[in-house]
Structures are given as structure tokens and as C-alpha cells.
file work_12.csv (CSV, C-alpha atoms)
chain,number,residue,atom,x,y,z
A,401,MET,CA,20.9,-43.2,6.2
A,402,ALA,CA,20.2,-39.5,5.8
A,403,ARG,CA,23.1,-37.1,6.2
A,404,GLY,CA,22.3,-34.7,9.0
A,405,GLY,CA,23.8,-34.0,12.3
A,406,VAL,CA,24.5,-32.0,15.4
A,407,GLN,CA,26.2,-29.3,13.3
A,408,ASN,CA,23.0,-28.5,11.4
A,409,ILE,CA,21.0,-28.3,14.7
A,410,TRP,CA,23.6,-26.1,16.2
A,411,SER,CA,23.5,-23.8,13.1
A,412,ALA,CA,19.7,-23.4,13.5
A,413,TRP,CA,20.3,-22.7,17.2
A,414,LEU,CA,22.9,-20.0,16.5
A,415,ARG,CA,20.5,-18.3,14.1
A,416,SER,CA,17.6,-18.3,16.6
A,417,THR,CA,16.6,-15.0,18.1
A,418,ALA,CA,16.5,-14.2,21.8
A,419,ASP,CA,12.7,-14.3,21.7
A,420,GLU,CA,12.7,-17.7,20.0
A,421,ARG,CA,15.1,-19.1,22.7
A,422,LEU,CA,12.8,-17.7,25.4
A,423,ARG,CA,9.7,-19.3,23.9
A,424,GLY,CA,11.6,-22.5,23.1
A,425,ARG,CA,12.4,-22.9,26.8
A,426,SER,CA,8.9,-22.5,27.9
A,427,ALA,CA,6.8,-23.9,25.0
A,428,TYR,CA,6.0,-27.4,26.4
A,429,ARG,CA,5.5,-26.1,29.9
A,430,ASP,CA,3.1,-23.5,28.5
A,431,TYR,CA,1.2,-26.3,26.7
A,432,ARG,CA,1.0,-28.2,29.9
A,433,HIS,CA,-0.4,-25.3,31.9
A,434,LEU,CA,-2.9,-24.3,29.2
A,435,ILE,CA,-4.2,-27.9,28.7
A,436,GLY,CA,-4.4,-28.3,32.5
A,437,ASP,CA,-6.4,-25.1,32.9
A,438,LEU,CA,-8.8,-25.9,30.1
A,439,ALA,CA,-9.2,-29.5,31.2
A,440,SER,CA,-10.0,-28.4,34.7
A,441,ILE,CA,-12.9,-26.3,33.3
A,442,HIS,CA,-14.3,-28.8,30.9
A,443,MET,CA,-13.8,-31.9,33.0
A,444,GLU,CA,-15.3,-30.0,36.0
A,445,GLU,CA,-12.5,-31.0,38.2
A,446,ARG,CA,-10.7,-28.6,40.5
A,447,PRO,CA,-8.0,-29.2,41.3
A,448,LEU,CA,-7.2,-31.4,38.3
A,449,SER,CA,-5.7,-34.7,39.2
A,450,GLU,CA,-2.6,-36.0,37.5
A,451,ASN,CA,-4.5,-38.8,35.9
A,452,SER,CA,-7.0,-36.4,34.4
A,453,LEU,CA,-4.2,-34.1,33.2
A,454,SER,CA,-2.5,-37.1,31.6
A,455,ARG,CA,-5.7,-38.0,29.8
A,456,ALA,CA,-6.2,-34.4,28.6
A,457,VAL,CA,-2.6,-34.2,27.3
A,458,GLY,CA,-3.1,-37.6,25.6
A,459,VAL,CA,-6.3,-36.3,23.9
A,460,PHE,CA,-4.4,-33.2,22.7
A,461,ALA,CA,-1.5,-35.2,21.4
A,462,ALA,CA,-3.8,-37.7,19.6
A,463,LEU,CA,-5.7,-34.9,17.8
A,464,SER,CA,-2.6,-32.9,16.8
A,465,PRO,CA,-1.4,-34.7,13.6
A,466,GLY,CA,-2.3,-32.7,10.6
A,467,ALA,CA,-4.3,-30.2,12.6
A,468,SER,CA,-3.7,-26.6,13.5
A,469,GLU,CA,-3.0,-25.6,17.1
A,470,ALA,CA,-6.4,-23.9,17.5
A,471,ASP,CA,-8.2,-26.8,16.0
A,472,THR,CA,-6.4,-29.2,18.3
A,473,ILE,CA,-7.2,-27.3,21.4
A,474,SER,CA,-10.8,-26.6,20.5
A,475,GLY,CA,-11.3,-30.3,19.5
A,476,MET,CA,-9.8,-31.3,22.9
A,477,CYS,CA,-12.2,-29.0,24.7
A,478,ASN,CA,-15.2,-30.3,22.7
A,479,LEU,CA,-14.3,-33.9,23.5
A,480,LEU,CA,-13.7,-33.2,27.2
A,481,ARG,CA,-17.0,-31.3,27.5
A,482,GLY,CA,-18.9,-33.9,25.4
A,483,ARG,CA,-17.6,-36.7,27.6
A,484,GLN,CA,-18.9,-34.9,30.7
A,485,ARG,CA,-22.3,-34.4,29.1
A,486,GLY,CA,-22.5,-38.0,27.9
A,487,ASP,CA,-22.6,-37.1,24.3
A,488,GLU,CA,-22.0,-39.6,21.5
A,489,LEU,CA,-18.6,-39.3,19.8
A,490,ALA,CA,-20.3,-38.7,16.4
A,491,ARG,CA,-22.0,-35.6,17.7
A,492,ILE,CA,-18.8,-34.0,18.9
A,493,ARG,CA,-17.1,-31.6,16.5
A,494,CYS,CA,-13.4,-32.1,15.9
A,495,ARG,CA,-11.4,-30.8,13.0
A,496,SER,CA,-8.9,-33.7,13.1
A,497,TYR,CA,-8.5,-36.9,11.3
A,498,PRO,CA,-11.3,-39.4,12.1
A,499,ASP,CA,-8.6,-41.9,13.4
A,500,SER,CA,-7.1,-39.2,15.6
A,501,LYS,CA,-10.5,-38.4,17.0
A,502,ASP,CA,-11.1,-42.1,17.8
A,503,LYS,CA,-7.8,-42.4,19.5
A,504,ALA,CA,-8.5,-39.3,21.6
A,505,TRP,CA,-11.9,-40.7,22.7
A,506,ARG,CA,-10.3,-44.0,23.7
A,507,ILE,CA,-7.7,-42.2,25.8
A,508,LEU,CA,-10.4,-40.1,27.4
A,509,HIS,CA,-12.2,-43.3,28.4
A,510,GLY,CA,-9.2,-44.7,30.2
A,511,GLU,CA,-6.9,-46.4,27.7
A,512,SER,CA,-3.2,-45.7,28.1
A,513,PRO,CA,-2.1,-42.7,26.1
A,514,LEU,CA,1.3,-44.2,25.3
A,515,THR,CA,-0.4,-47.4,24.0
A,516,ILE,CA,-2.9,-45.6,21.9
A,517,LEU,CA,-0.7,-42.9,20.5
A,518,GLY,CA,1.7,-45.5,19.0
A,519,GLY,CA,4.4,-43.8,16.9
A,520,PRO,CA,7.5,-42.1,18.4
A,521,LYS,CA,6.6,-38.5,17.2
A,522,THR,CA,3.2,-38.3,18.9
A,523,SER,CA,4.3,-40.3,21.9
A,524,ASN,CA,7.2,-38.0,22.6
A,525,PHE,CA,5.0,-35.0,22.0
A,526,TYR,CA,2.8,-36.3,24.8
A,527,ARG,CA,5.8,-36.9,27.0
A,528,ASN,CA,7.3,-33.5,26.4
A,529,ILE,CA,4.0,-31.8,27.4
A,530,LEU,CA,3.2,-33.9,30.4
A,531,TYR,CA,6.8,-34.0,31.6
A,532,PRO,CA,8.4,-30.8,30.4
A,533,ASP,CA,11.6,-31.4,32.4
A,534,ASP,CA,12.1,-34.8,30.8
A,535,PRO,CA,15.8,-35.0,29.9
A,536,VAL,CA,15.4,-37.6,27.1
A,537,ALA,CA,12.2,-37.2,25.1
A,538,VAL,CA,12.4,-35.3,21.8
A,539,THR,CA,9.6,-34.6,19.4
A,540,VAL,CA,11.0,-35.1,15.9
A,541,ASP,CA,8.6,-33.7,13.4
A,542,ALA,CA,9.1,-32.5,9.8
A,543,HIS,CA,10.6,-29.2,10.9
A,544,ALA,CA,12.9,-30.7,13.5
A,545,TYR,CA,14.0,-33.2,11.0
A,546,SER,CA,14.6,-30.5,8.3
A,547,ALA,CA,16.7,-28.5,10.7
A,548,TRP,CA,18.7,-31.6,11.5
A,549,LEU,CA,19.1,-32.4,7.8
A,550,GLY,CA,20.0,-28.7,7.0
A,551,LYS,CA,17.5,-28.8,4.1
A,552,ARG,CA,13.9,-27.5,4.0
A,553,LEU,CA,11.4,-30.3,3.3
A,554,LYS,CA,7.7,-30.2,2.9
A,555,VAL,CA,5.8,-31.2,6.0
A,556,THR,CA,4.4,-34.3,4.2
A,557,GLU,CA,7.8,-35.3,2.6
A,558,PRO,CA,9.9,-36.9,5.4
A,559,ARG,CA,9.5,-40.6,6.1
A,560,ILE,CA,11.4,-41.1,9.3
A,561,THR,CA,12.1,-44.7,10.3
A,562,LEU,CA,12.6,-45.6,13.9
A,563,PRO,CA,16.4,-45.9,13.7
A,564,LEU,CA,16.5,-42.5,12.0
A,565,TYR,CA,14.2,-41.0,14.5
A,566,ASP,CA,16.5,-42.3,17.3
A,567,GLN,CA,19.5,-40.8,15.6
A,568,VAL,CA,17.9,-37.4,15.1
A,569,ALA,CA,16.7,-37.3,18.8
A,570,ALA,CA,20.2,-38.3,20.0
A,571,ASP,CA,21.7,-35.4,18.0
A,572,TYR,CA,19.2,-33.0,19.6
A,573,ARG,CA,20.3,-34.2,23.0
A,574,VAL,CA,24.0,-33.6,22.1
A,575,ALA,CA,23.2,-30.1,20.9
A,576,ALA,CA,21.0,-29.4,23.9
A,577,ALA,CA,23.8,-30.4,26.3
A,578,ALA,CA,26.2,-28.0,24.5
A,579,ALA,CA,23.7,-25.2,25.1
A,580,SER,CA,22.9,-26.3,28.7
A,581,ILE,CA,19.2,-26.7,28.0
A,582,LEU,CA,16.8,-29.6,27.7
A,583,PRO,CA,16.5,-31.6,24.4
A,584,SER,CA,12.9,-30.5,24.1
A,585,GLN,CA,13.9,-26.9,24.5
A,586,MET,CA,16.5,-27.2,21.8
A,587,GLN,CA,13.9,-28.8,19.5
A,588,ALA,CA,11.3,-26.1,20.2
A,589,THR,CA,13.8,-23.3,19.7
A,590,CYS,CA,15.0,-24.7,16.4
A,591,TRP,CA,11.3,-25.3,15.4
A,592,PHE,CA,10.6,-21.5,15.8
A,593,ALA,CA,13.8,-20.5,14.2
A,594,TRP,CA,13.6,-22.9,11.2
A,595,ARG,CA,10.1,-21.7,10.3
A,596,ARG,CA,11.2,-18.1,10.4
A,597,LEU,CA,14.4,-18.6,8.5
A,598,HIS,CA,12.6,-20.5,5.7
A,599,ASP,CA,9.5,-18.4,5.7
A,600,VAL,CA,7.2,-21.3,6.6
A,601,ARG,CA,3.9,-19.6,6.7
A,602,PRO,CA,1.0,-20.6,8.9
A,603,ARG,CA,-1.9,-22.6,7.5
A,604,SER,CA,-5.1,-20.7,7.8
A,605,MET,CA,-8.0,-22.9,8.8
A,606,GLY,CA,-10.6,-20.4,9.7
A,607,ASN,CA,-10.0,-20.1,13.5
A,608,ASN,CA,-10.6,-17.1,15.5
A,609,GLY,CA,-7.4,-17.3,17.5
A,610,GLN,CA,-8.8,-17.4,21.0
A,611,PHE,CA,-6.7,-20.4,22.0
A,612,VAL,CA,-3.4,-19.5,20.3
A,613,LEU,CA,-0.6,-20.3,22.7
A,614,PHE,CA,2.5,-18.4,21.5
A,615,GLY,CA,1.3,-14.9,21.2
A,616,PRO,CA,-0.2,-12.4,18.8
A,617,ASP,CA,2.6,-12.7,16.3
A,618,HIS,CA,1.5,-16.3,15.5
A,619,ASP,CA,-1.4,-16.9,13.3
A,620,PRO,CA,-4.1,-19.3,14.8
A,621,GLY,CA,-3.6,-21.6,11.9
A,622,HIS,CA,-0.1,-22.7,12.6
A,623,GLU,CA,0.8,-26.3,13.4
A,624,PRO,CA,1.3,-27.5,16.9
A,625,LEU,CA,5.0,-28.1,17.8
A,626,GLU,CA,4.8,-31.7,16.7
A,627,ASN,CA,3.8,-31.1,13.1
call {"tool": "encode", "arguments": {"input": "work_12.csv", "output": "C-alpha cells"}}
result
Amino acid sequence: MARGGVQNIWSAWLRSTADERLRGRSAYRDYRHLIGDLASIHMEERPLSENSLSRAVGVFAALSPGASEADTISGMCNLLRGRQRGDELARIRCRSYPDSKDKAWRILHGESPLTILGGPKTSNFYRNILYPDDPVAVTVDAHAYSAWLGKRLKVTEPRITLPLYDQVAADYRVAAAAASILPSQMQATCWFAWRRLHDVRPRSMGNNGQFVLFGPDHDPGHEPLEN
């Protein structure tokens, strides 16, 4: 079992800035609001029902692995709009993995997001966005895992087994309780802090930045919070 723990998470938390803590508290709620607003437009549904919001968040989560935030959001909008127009999937532009695009399309057509998304990372990413006050769900991605381990790893390096995932998530819950915040807020804050502390630079993927969530200081090529 990898040697990490609460003390490493707490160290990242203590080195986070006031701005990072502020953004960490609101990150998943901001995602929920943004996705809801865009889905309402592209699904032509006002007000947006909870079922439609769930599907839109599921589409976003499905598209997120390996994709930038801007590509994930623009891909979601393209799929929602294409579904409304009756377009064929092959004609809809998405800069995500083909398997991710297929999963998103299935969710959009009514299959259960939690069944389609599969693994714990993406499933918890979905839960954190749809239910930002969830006291249990934690998105353990490469940066969250690195902060827990206390060692910078490449995004593609970690191979997190389910028992290890559960251990890391549990330690984030312990650290969050000590800070009197939600586990997802602890993870998001450490995500921001870890990337700054280790000079993890955004990946440029040719986006124009119009859908960037976290403000002008974040390049539109950065990964979503679950990468």
C-alpha cells in the first residue's frame, strides 16, 4: 500500500492561499451552476428539471477524462445541442476520447450516469458536481493523490486501486473535518494549491477561453478538477 496520509493533505491545505481556499469552497457548486445554465439553453428547457441537470452533469463528467475544461464544456454543449436537433453522434464535434463521447451520448439518451460512468473517480466527480453538499464523495484524481502521497507524480502515472482510492478519500474526509469544510472542498483546495506549489502548467489545447470557469488567471487549457 502506498504511504500517504492525512498529514500530507493537511500540509497542502496549510500552504494554500486565501484565494485557493475560497475557490475550493465554491468550485463544485460553480460547476453545477454553469452546467445548469448552459444545459437550460442548449436543451431548450427553462426552468431546467433535476433529471435534465443530472443528465447534463453526467455528460460533462463522461467527457472530462483526458480533456481540458474548455473542451469538456464545449463538447457537452455540442452534444446537448445536437441531441435537440436530432443530429447523428458522428456529426457532433467533441474533443474527448471516443469512448467518453459514446458514454456521454448514452447518458444523454437516458441511461443512468452512475451506471455508465463506471470507475470511482469519474463517478465521484459527477456526485460532487450534482450534489456539492455531499459529505462523503471525494474526487481522487492524479493531483489529489499526489497531494495525499506528498510527492509530485505525472498525471498518467498513478494507478489507483479501489482499496487505495477508498483510503485516500477517507483521509480527505478526516482532513476536511479538521478544517470544518466538506471533503470535496478540501480536495478542490488542495488541487489548486498543489498545482501552484509544483508549477503544474496548463495544457494548451487551442481554446479561446470563453467557458473557463475559474477566472482569468487560469488558462483555458487546464484540466477539469477530476484530472
call {"tool": "residues_near_point", "arguments": {"input": "work_12.csv", "point": "(12.5, -18.3, 24.7)", "cutoff": "12 Å", "atoms": "only C-alpha atoms", "output": "JSON, numbers by chain"}}
result
{"A": [413, 416, 417, 418, 419, 420, 421, 422, 423, 424, 425, 426, 427, 428, 429, 430, 581, 585, 586, 587, 588, 589, 590, 591, 592, 593, 614]}
call {"tool": "residues_around", "arguments": {"input": "work_12.csv", "residues": "Tyr431 of chain A", "least_positions_apart": "4", "cutoff": "9 Å", "atoms": "all atoms listed in the file", "output": "ChimeraX atom specification"}}
result
/A:426-427,435-436,457,529-530,613
call {"tool": "atom_distance", "arguments": {"input": "work_12.csv", "atom1": "atom CA of Asp533 of chain A", "atom2": "atom CA of Met443 of chain A"}}
result
25.4 Å
call {"tool": "residues_around", "arguments": {"input": "work_12.csv", "residues": "Glu511 of chain A", "least_positions_apart": "4", "cutoff": "12 Å", "atoms": "only C-alpha atoms", "output": "VMD selection string"}}
result
chain A and resid 451 454 to 455 458 to 459 502 to 507 515 to 517
call {"tool": "atom_distance", "arguments": {"input": "work_12.csv", "atom1": "atom CA of Asn408 of chain A", "atom2": "atom CA of Pro532 of chain A"}}
result
24.1 Å
call {"tool": "closest_residue", "arguments": {"input": "work_12.csv", "among": "A:Arg446, A:Pro520, A:Val538, A:Leu549", "to": "Pro563 of chain A", "atoms": "all atoms listed in the file"}}
result
A:Pro520
call {"tool": "atom_distance", "arguments": {"input": "work_12.csv", "atom1": "atom CA of Leu562 of chain A", "atom2": "atom CA of Val574 of chain A"}}
result
18.5 Å
call {"tool": "residues_around", "arguments": {"input": "work_12.csv", "residues": "Arg493 of chain A", "least_positions_apart": "2", "cutoff": "8 Å", "atoms": "all atoms listed in the file", "output": "VMD selection string"}}
result
chain A and resid 475 478 to 479 490 to 491 495
call {"tool": "write_last_selection", "arguments": {"input": "work_12.csv", "atoms": "C-alpha atoms", "output": "PDB file, in the frame of the given file"}}
result
ATOM      1  CA  GLY A 475     -11.300 -30.300  19.500  1.00  0.00           C
ATOM      2  CA  ASN A 478     -15.200 -30.300  22.700  1.00  0.00           C
ATOM      3  CA  LEU A 479     -14.300 -33.900  23.500  1.00  0.00           C
ATOM      4  CA  ALA A 490     -20.300 -38.700  16.400  1.00  0.00           C
ATOM      5  CA  ARG A 491     -22.000 -35.600  17.700  1.00  0.00           C
ATOM      6  CA  ARG A 495     -11.400 -30.800  13.000  1.00  0.00           C
TER       7      ARG A 495
END
call {"tool": "closest_residue", "arguments": {"input": "work_12.csv", "among": "A:Pro513, A:Ala542, A:Leu480, A:Gly405", "to": "Ile441 of chain A", "atoms": "all atoms listed in the file"}}
result
A:Leu480
call {"tool": "axis_aligned_box", "arguments": {"input": "work_12.csv", "around": "segment 588-592 of chain A", "padding_each_side": "3 Å", "output": "AutoDock Vina command-line options"}}
result
--center_x 12.8 --center_y -23.8 --center_z 17.8 --size_x 10.4 --size_y 10.6 --size_z 10.8
